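Asker: My structure is stored as model.txt, with compact mmCIF, C-alpha atoms.
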# COMPACT_ATOMS: atom_id res chain seq x y z
CA MET A 138 -0.15 -20.74 -42.14
CA MET A 139 0.56 -20.59 -45.90
CA ARG A 140 -1.23 -17.21 -46.21
CA SER A 141 1.02 -15.87 -43.44
CA TYR A 142 4.06 -17.23 -45.29
CA SER A 143 3.07 -15.49 -48.53
CA MET A 144 2.55 -12.19 -46.72
CA THR A 145 5.94 -12.58 -45.04
CA LEU A 146 7.53 -13.40 -48.40
CA ALA A 147 5.97 -10.35 -50.02
CA LEU A 148 7.16 -8.10 -47.21
CA CYS A 149 10.69 -9.54 -47.29
CA LEU A 150 10.90 -9.11 -51.05
CA ALA A 151 9.66 -5.54 -50.85
CA MET A 152 12.15 -4.70 -48.10
CA ALA A 153 15.03 -6.33 -49.94
CA ALA A 154 14.01 -4.51 -53.13
CA CYS A 155 14.02 -7.90 -54.80
CA ALA A 156 17.74 -8.42 -54.29
CA PRO A 157 19.25 -11.37 -56.17
CA SER A 158 19.09 -14.70 -54.39
CA PRO A 159 22.26 -16.72 -54.00
CA GLY A 160 22.67 -19.04 -56.97
CA THR A 161 20.47 -16.94 -59.27
CA THR A 162 21.90 -16.43 -62.73
CA THR A 163 20.90 -14.30 -65.66
CA THR A 164 20.09 -17.33 -67.83
CA GLY A 165 16.84 -17.96 -65.96
CA ASP A 166 18.08 -20.92 -63.92
CA TRP A 167 16.36 -20.47 -60.58
CA PRO A 168 17.51 -22.42 -57.52
CA THR A 169 14.29 -24.48 -57.32
CA ALA A 170 13.58 -24.94 -61.03
CA PRO A 171 15.39 -25.03 -64.39
CA ALA A 172 14.90 -22.34 -67.01
CA LEU A 173 11.70 -22.61 -69.02
CA ASN A 174 12.13 -24.88 -72.01
CA PRO A 175 9.86 -27.40 -73.77
CA ALA A 176 12.00 -30.34 -72.63
CA ASP A 177 11.21 -29.69 -68.95
CA TYR A 178 7.87 -27.85 -68.98
CA ALA A 179 4.50 -27.78 -70.66
CA LEU A 180 4.73 -24.19 -71.90
CA GLN A 181 1.64 -22.06 -71.32
CA ASP A 182 0.39 -18.68 -72.52
CA THR A 183 1.27 -15.92 -70.02
CA ALA A 184 -2.04 -14.18 -70.88
CA THR A 185 -3.87 -16.90 -68.90
CA LEU A 186 -2.23 -15.63 -65.69
CA GLY A 187 -4.27 -12.43 -65.53
CA LEU A 188 -1.25 -10.24 -64.79
CA SER A 189 -1.19 -6.73 -66.24
CA GLY A 190 2.57 -6.16 -66.14
CA ALA A 191 2.01 -3.24 -63.75
CA GLU A 192 2.72 -5.42 -60.69
CA LEU A 193 5.87 -5.47 -58.61
CA LEU A 194 7.40 -8.95 -58.28
CA PRO A 195 5.92 -9.53 -54.77
CA GLU A 196 2.50 -8.44 -56.04
CA ALA A 197 2.79 -10.78 -59.03
CA ALA A 198 3.81 -13.64 -56.72
CA ALA A 199 0.80 -13.05 -54.45
CA ALA A 200 -1.54 -12.85 -57.45
CA LEU A 201 -0.15 -16.11 -58.85
CA GLN A 202 -0.62 -17.89 -55.54
CA ALA A 203 -4.17 -16.56 -55.26
CA GLY A 204 -5.01 -17.60 -58.82
CA LEU A 205 -3.15 -20.91 -59.11
CA GLY A 206 -2.99 -22.13 -55.52
CA SER A 207 -5.80 -23.75 -53.59
CA SER A 208 -8.63 -21.40 -52.75
CA GLU A 209 -10.52 -24.12 -50.87
CA PRO A 210 -9.72 -25.71 -47.52
CA VAL A 211 -7.63 -28.81 -48.20
CA GLU A 212 -7.25 -32.14 -46.48
CA GLY A 213 -4.25 -34.32 -45.80
CA ASN A 214 -0.67 -33.13 -46.20
CA TYR A 215 -1.33 -30.53 -48.93
CA SER A 216 1.06 -27.58 -48.91
CA GLU A 217 2.08 -24.71 -51.15
CA THR A 218 5.57 -23.30 -51.55
CA LEU A 219 5.99 -19.87 -53.09
CA ASP A 220 9.45 -18.64 -54.08
CA ALA A 221 10.41 -15.47 -55.92
CA TYR A 222 13.82 -14.64 -57.37
CA SER A 223 15.33 -11.69 -59.18
CA GLY A 224 18.61 -10.46 -60.56
CA ASP A 225 20.03 -8.60 -63.54
CA GLY A 226 16.68 -7.45 -64.90
CA ARG A 227 15.05 -10.91 -64.72
CA GLY A 228 12.76 -12.49 -62.16
CA ALA A 229 10.83 -15.67 -61.54
CA VAL A 230 8.06 -16.97 -59.33
CA VAL A 231 7.96 -20.69 -58.56
CA LEU A 232 4.69 -21.96 -57.03
CA THR A 233 4.78 -25.62 -55.99
CA LEU A 234 1.60 -27.41 -54.92
CA ASN A 235 2.46 -30.55 -52.91
CA GLN A 236 0.43 -33.65 -52.03
CA LEU A 237 -2.52 -32.86 -54.30
CA ALA A 238 -5.79 -34.66 -53.73
CA ASP A 239 -5.55 -36.03 -57.28
CA ASP A 240 -5.14 -39.75 -57.88
CA SER A 241 -2.47 -39.18 -60.53
CA VAL A 242 -0.71 -35.81 -59.96
CA ARG A 243 1.25 -35.71 -56.70
CA THR A 244 2.97 -32.32 -57.12
CA MET A 245 2.34 -29.50 -59.59
CA GLN A 246 4.81 -26.70 -60.18
CA HIS A 247 4.09 -23.40 -61.95
CA VAL A 248 7.12 -21.35 -63.04
CA VAL A 249 6.66 -17.84 -64.36
CA GLU A 250 9.62 -15.84 -65.64
CA PHE A 251 9.55 -12.04 -65.75
CA ASP A 252 11.37 -9.17 -67.36
CA LEU A 253 11.92 -6.56 -64.63
CA ARG A 254 11.58 -3.01 -65.96
CA PRO A 255 11.93 0.27 -64.08
CA ASP A 256 8.83 2.44 -63.86
CA PRO A 257 9.69 5.65 -65.76
CA GLN A 258 7.28 7.57 -63.50
CA VAL A 259 8.48 6.40 -60.05
CA GLU A 260 12.14 6.02 -59.19
CA GLY A 261 12.95 2.67 -57.54
CA ARG A 262 9.71 1.01 -58.63
CA VAL A 263 10.26 -2.03 -60.85
CA PHE A 264 7.48 -3.72 -62.82
CA ALA A 265 7.41 -7.49 -63.39
CA ILE A 266 6.30 -8.25 -66.94
CA PRO A 267 5.59 -11.97 -67.49
CA SER A 268 7.75 -13.35 -70.29
CA GLY A 269 7.28 -17.10 -69.93
CA TYR A 270 5.10 -19.63 -68.11
CA GLY A 271 5.46 -23.36 -67.77
CA THR A 272 4.13 -26.22 -65.68
CA ARG A 273 5.49 -29.60 -64.72
CA GLN A 274 4.37 -32.31 -62.32
CA ARG A 275 5.34 -35.36 -60.34
CA CYS A 276 3.10 -38.39 -60.74
CA TYR A 277 1.97 -40.84 -58.05
CA ARG A 278 2.05 -43.83 -60.42
CA ALA A 279 5.27 -43.00 -62.29
CA THR A 280 8.26 -45.32 -62.29
CA ASP A 281 10.06 -42.60 -60.34
CA PRO A 282 7.45 -40.59 -58.39
CA ASP A 283 10.12 -37.98 -57.48
CA ALA A 284 10.96 -37.20 -61.13
CA TRP A 285 9.48 -34.11 -62.78
CA THR A 286 7.67 -34.50 -66.11
CA ASN A 287 5.97 -32.17 -68.56
CA GLN A 288 3.77 -35.05 -69.78
CA PRO A 289 0.32 -35.97 -68.40
CA CYS A 290 0.45 -38.34 -65.45
CA PRO A 291 -0.71 -41.93 -65.97
Could you render the structure from this file as C-alpha cells?
Answerer:
Amino acid sequence: MMRSYSMTLALCLAMAACAPSPGTTTTGDWPTAPALNPADYALQDTATLGLSGAELLPEAAAALQAGLGSSEPVEGNYSETLDAYSGDGRGAVVLTLNQLADDSVRTMQHVVEFDLRPDPQVEGRVFAIPSGYGTRQRCYRATDPDAWTNQPCP
C-alpha cells in the first residue's frame, strides 16, 4: 500500500506542478517539520543522499523513499509517510518511518530541503537541488516518547 501511496503522491505533485501547500512559508517551516537547524536535527551531508540535482521534486521524493525507507518486508505496525512541499523557490521532502523494529528508536524522520531551480533547457521543468538534510527521532524509552530529539535514543 505504501508504494501505491508514493506513486500517487508523485503523480499528484507532477500534476499540481508542485504548487505550494497551505501553511508553507519561505523560511523552510514545513507543516510536518520545523526548518532544519542543529537544535532540532542531527544535520547530515546531502551528498550521502545520492541525488544528482537533476531530479524534479517528485522524483527526488521517490528516490529518498527508496533509499531511506524500508526495502525489506516489515512486521508489526511499521509505516512510512512521505510528504513533499514547495513554494517560492524552496521545497522539502519529509520521510517519516513509524513503529521501527528497533528496541530504542520508535520513529525516525528524514527532512531534506531543496532549492528549486528552473531548467534553462526545458520551460516549466524545475530541478530540486538538495540544500540541507537532517534527521530526528522519537525514542521508546524516553521520558516523553512522543517528543522529537536529535540525540541518540537511550
Asker: Which residue, A:Gly271, A:Gly190, A:Pro282, A:Gly204, has the smallest gap to Asp252 (chain A) when you use only C-alpha atoms?
Answerer: A:Gly190
Asker: Rank A:Pro267, A:Pro255, A:Pro210, A:Pro291 by their smallest atom-to-atom distance to Ala229 (chain A), using all atoms listed in the file, and report the top residue only.
Answerer: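 Comparing A:Pro267, A:Pro255, A:Pro210, A:Pro291 against Ala229 (chain A), the winner is A:Pro267.
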Asker: To one decimal in Å, tell me the separation between CA of Ile266 (chain A) and CA of Gln181 (chain A).
Answerer: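 Separation between CA of Ile266 (chain A) and CA of Gln181 (chain A): 15.2 Å.
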Asker: In Å, how far is it from CA of Leu193 (chain A) to CA of Val231 (chain A)?
Answerer: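 Between CA of Leu193 (chain A) and CA of Val231 (chain A) the gap works out to 15.4 Å.
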Asker: Interatomic distance between CA of Leu173 (chain A) and CA of Glu196 (chain A)?
Answerer: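 Between CA of Leu173 (chain A) and CA of Glu196 (chain A) the gap works out to 21.3 Å.
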Asker: Of the candidates A:Tyr178, A:Tyr215, A:Trp167, A:Phe251, which one gets nearest to Thr286 (chain A) if we count only C-alpha atoms?
Answerer: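 For Thr286 (chain A), the nearest of the candidates is A:Tyr178.
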Asker: With distances taken over all atoms listed in the file, which residue among A:Leu188, A:Leu237, A:Ala179, A:Ala265 lies nearest Gly206 (chain A)?
Answerer: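 Selected residue with least distance to Gly206 (chain A): A:Leu237.
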Asker: Residues at most 8 Å from Cys276 (chain A), counting all atoms listed in the file, excluding those fewer than 2 positions away in the same chain, as an MDAnalysis selection string?
Answerer: chainID A and resid 241:244 274 278:279 282:285 290:291
Asker: Would you mind telling me which residue in A:Gly187, A:Glu217, A:Val249, A:Arg254 lies nearest to Asn235 (chain A) when using all atoms listed in the file?
Answerer: A:Glu217
Asker: Once you count all atoms listed in the file, which residues end up no further than 9 Å from (5.4, -10.3, -57.3) in the file's frame, shown as a list in words?
Answerer: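 Returned residue set, sorted by chain then number, is Ala147, Leu150, Glu192, Leu193, Leu194, Pro195, Glu196, Ala197, Ala198, Ala199, Ala200, Leu201, Ala221, Ala229, Val230, Phe264 and Ala265 of chain A.
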Asker: Give as JSON, numbers by chain the set of residues within 10 Å of the point (12.0, -26.0, -60.4), where distances use the file's coordinates and only C-alpha atoms.
Answerer: {"A": [166, 167, 168, 169, 170, 171, 172, 173, 177, 178, 230, 231, 232, 233, 246, 247, 248, 272, 273, 285]}
